[in-house]
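Chemist: For reference, the structure I am asking about is given below.
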Amino acid sequence: MSNAAGQSLNPSFKYGSNTIDASTRVAIVGGGKMGEALLSGWLAAQKGVAAPLSSSNIVVVNPGQERRSYLTETYGVRCVADSSELTETDVIVLAVKPQIMPTVLPVVSHVPGCEQALVISIAAGLNTSTIEQGLPNHIRVVRAMPNTPLLVGMGATTLCAGSCASEQDMALARDLFGCIGMALIVDESLMDVTGAINGSGPAYVAALVEAMAAGAVEQGLSADVAESLAIQTVVGTGSLMALKHQSAKQTRIEVCSPGGTTLAALDAMETGGFSDSIRSGVKAAVRRSRELGAQ
């Protein structure tokens, strides 16, 4: 990767061609659920730009000893307690909560070669200018909003560019997240909105499964059967729409028969405020994301 003067931190890191090889160094700052999701997904990638990555390429920063031990034992990666222990790194992923980012950035900014690294932030609500202000001038920053299905290679991530990020930067970041699901580049003004769908969405889907299962239990079905059926229905319906390139509207229409049980259920749900409550939830998530960014 080269800086503005053309000096290379790691000559074998083929930045312009969007490839990563066995010598690329990646630091994940934050070993929580999302940090682990990225770690797990990239190590499991069998194809794509992340395929060359192994446990020897990645170091994880996490303050808790118990968590560090778990990550090392589970994934074989080196873990350190603080970013000040990092050595030269090609890609730095900031996988910490937005509230603690102000304490993390000053330390990361002193990592050797930080000014030449590609920095990817997954902190909800924090815009690229905020990240850039806490790091060396002219650093390349990409903001990403992934979700936890990255753990099983089925994530959905949106990304946007900071002021110094190039098209090559964005292509590389997109391809990294694309190895473990869908990855889309959007304008930064839309990041809070996309985060309210893909970032928070797994919780909405889980809540839907809970409600479906609870309704079936009330009608006499056992809890384990009810939840299993609800989960498989969600997985199967999502796969149907994705693999058949079928819209949600068309899928809904095809399931509904005039005067049938499905229409009766949907009518009752709408009477209870189903669609309005979902829209209200998305709006609340967007609002909170913007509040976090303003703090």
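In the structure tokens, chains take letters A, B, ... by order of appearance, with residues numbered from 1 within each chain and ligands from 1 in the order shown.
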I'd like to know which residues of stretch 27-117 of chain A are strand (DSSP E or B) (by DSSP, run on the backbone); could you write them as a list of chain:residue names?

Modeler: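 Written out, the strand (DSSP E or B) residues of stretch 27-117 of chain A are A:Ala27, A:Ile28, A:Val29, A:Ile58, A:Val59, A:Val60, A:Val61, A:Arg78, A:Cys79, A:Val80, A:Val91, A:Ile92, A:Val93, A:Leu94.
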
Chemist: How would the residues just picked look written out with N, CA and C atoms as a PDB file, in the first residue's frame?

Modeler:
ATOM      1  N   ALA A  27      -5.416  -5.649  11.290  1.00  0.00           N
ATOM      2  CA  ALA A  27      -5.672  -5.484  12.720  1.00  0.00           C
ATOM      3  C   ALA A  27      -7.160  -5.209  12.918  1.00  0.00           C
ATOM      4  N   ILE A  28      -7.787  -5.972  13.794  1.00  0.00           N
ATOM      5  CA  ILE A  28      -9.188  -5.747  14.154  1.00  0.00           C
ATOM      6  C   ILE A  28      -9.199  -5.182  15.571  1.00  0.00           C
ATOM      7  N   VAL A  29      -9.543  -3.910  15.689  1.00  0.00           N
ATOM      8  CA  VAL A  29      -9.566  -3.250  16.991  1.00  0.00           C
ATOM      9  C   VAL A  29     -10.961  -3.416  17.578  1.00  0.00           C
ATOM     10  N   ILE A  58      -3.718 -11.877  10.988  1.00  0.00           N
ATOM     11  CA  ILE A  58      -4.652 -11.026  11.720  1.00  0.00           C
ATOM     12  C   ILE A  58      -4.278 -10.932  13.190  1.00  0.00           C
ATOM     13  N   VAL A  59      -4.337  -9.722  13.731  1.00  0.00           N
ATOM     14  CA  VAL A  59      -4.184  -9.501  15.164  1.00  0.00           C
ATOM     15  C   VAL A  59      -5.432  -8.785  15.659  1.00  0.00           C
ATOM     16  N   VAL A  60      -5.909  -9.166  16.824  1.00  0.00           N
ATOM     17  CA  VAL A  60      -7.113  -8.577  17.401  1.00  0.00           C
ATOM     18  C   VAL A  60      -6.751  -7.819  18.665  1.00  0.00           C
ATOM     19  N   VAL A  61      -7.311  -6.620  18.797  1.00  0.00           N
ATOM     20  CA  VAL A  61      -7.104  -5.805  19.993  1.00  0.00           C
ATOM     21  C   VAL A  61      -8.359  -5.890  20.853  1.00  0.00           C
ATOM     22  N   ARG A  78      -3.318 -13.885  17.043  1.00  0.00           N
ATOM     23  CA  ARG A  78      -2.644 -13.179  18.132  1.00  0.00           C
ATOM     24  C   ARG A  78      -3.552 -12.073  18.637  1.00  0.00           C
ATOM     25  N   CYS A  79      -3.629 -11.910  19.932  1.00  0.00           N
ATOM     26  CA  CYS A  79      -4.446 -10.860  20.531  1.00  0.00           C
ATOM     27  C   CYS A  79      -3.586  -9.997  21.445  1.00  0.00           C
ATOM     28  N   VAL A  80      -3.862  -8.715  21.448  1.00  0.00           N
ATOM     29  CA  VAL A  80      -3.178  -7.791  22.343  1.00  0.00           C
ATOM     30  C   VAL A  80      -4.226  -6.982  23.100  1.00  0.00           C
ATOM     31  N   VAL A  91      -4.240  -2.991   6.958  1.00  0.00           N
ATOM     32  CA  VAL A  91      -5.665  -2.692   7.104  1.00  0.00           C
ATOM     33  C   VAL A  91      -6.000  -2.663   8.587  1.00  0.00           C
ATOM     34  N   ILE A  92      -6.619  -1.572   9.039  1.00  0.00           N
ATOM     35  CA  ILE A  92      -7.047  -1.455  10.429  1.00  0.00           C
ATOM     36  C   ILE A  92      -8.566  -1.362  10.452  1.00  0.00           C
ATOM     37  N   VAL A  93      -9.203  -2.321  11.100  1.00  0.00           N
ATOM     38  CA  VAL A  93     -10.660  -2.332  11.211  1.00  0.00           C
ATOM     39  C   VAL A  93     -11.039  -1.861  12.616  1.00  0.00           C
ATOM     40  N   LEU A  94     -11.801  -0.792  12.693  1.00  0.00           N
ATOM     41  CA  LEU A  94     -12.242  -0.250  13.972  1.00  0.00           C
ATOM     42  C   LEU A  94     -13.605  -0.839  14.293  1.00  0.00           C
TER      43      LEU A  94
END

Chemist: Would you kindly return, as a VMD selection string, each protein, DNA or RNA residue with an atom no farther than 8 Å from any atom of A:Leu71, considering only C-alpha atoms and excluding same-chain residues fewer than 5 positions away?

Modeler: chain A and resid 31 36 76 to 77 79

Chemist: Generate a file of the selected residues that holds C-alpha atoms, formatted as a PDB file, in the first residue's frame.

Modeler:
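Resulting contents of result24.pdb:
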ATOM      1  CA  GLY A  31     -12.935  -8.359  19.663  1.00  0.00           C
ATOM      2  CA  GLU A  36     -15.467 -11.848  15.848  1.00  0.00           C
ATOM      3  CA  GLY A  76      -5.492 -19.084  16.431  1.00  0.00           C
ATOM      4  CA  VAL A  77      -4.975 -15.341  16.081  1.00  0.00           C
ATOM      5  CA  CYS A  79      -4.446 -10.860  20.531  1.00  0.00           C
TER       6      CYS A  79
END

Chemist: Skipping near chain neighbours, those fewer than 3 positions away, what residues fall within 6 Å of stretch 159-174 of chain A using only C-alpha atoms, listed as a VMD selection string?

Modeler: chain A and resid 16 18 128 138 140 to 144 177 to 178 183 185 to 188

Chemist: Would you kindly return, as an mmCIF file with C-alpha atoms, in the first residue's frame, each protein, DNA or RNA residue with an atom no farther than 12 Å from any atom of stretch 262-277 of chain A, considering only C-alpha atoms and excluding same-chain residues fewer than 2 positions away?

Modeler:
data_model
loop_
_atom_site.group_PDB
_atom_site.id
_atom_site.type_symbol
_atom_site.label_atom_id
_atom_site.label_comp_id
_atom_site.auth_asym_id
_atom_site.auth_seq_id
_atom_site.Cartn_x
_atom_site.Cartn_y
_atom_site.Cartn_z
ATOM 1 C CA TYR A 204 -36.244 -7.399 13.757
ATOM 2 C CA LEU A 208 -40.661 -11.778 14.148
ATOM 3 C CA ALA A 211 -43.747 -13.620 17.797
ATOM 4 C CA MET A 212 -44.659 -16.250 15.201
ATOM 5 C CA GLY A 215 -48.543 -17.338 18.503
ATOM 6 C CA ARG A 252 -46.454 -12.035 -0.572
ATOM 7 C CA ILE A 253 -49.038 -12.023 -3.350
ATOM 8 C CA GLU A 254 -48.179 -15.561 -4.454
ATOM 9 C CA VAL A 255 -48.725 -16.948 -0.946
ATOM 10 C CA CYS A 256 -52.098 -15.282 -0.508
ATOM 11 C CA SER A 257 -55.243 -17.004 -1.759
ATOM 12 C CA PRO A 258 -58.527 -15.048 -1.851
ATOM 13 C CA GLY A 259 -60.447 -15.700 1.336
ATOM 14 C CA GLY A 260 -57.660 -17.902 2.679
ATOM 15 C CA ARG A 279 -41.680 1.625 9.745
ATOM 16 C CA SER A 280 -41.629 3.316 13.149
ATOM 17 C CA GLY A 281 -38.846 0.991 14.228
ATOM 18 C CA VAL A 282 -36.723 1.795 11.177
ATOM 19 C CA LYS A 283 -37.294 5.505 11.778
ATOM 20 C CA ALA A 284 -36.251 5.161 15.430
#

Chemist: Please measure the separation of atom CA of A:Ala242 and atom CA of A:Leu150, giving the value in Å to one decimal.

Modeler: 16.7 Å

Chemist: Could you name the residues that touch A:Val111 at 9 Å or less, counting only C-alpha atoms, but leaving out those on the same chain fewer than 5 positions away, as a PyMOL selection string?

Modeler: chain A and resi 83-89
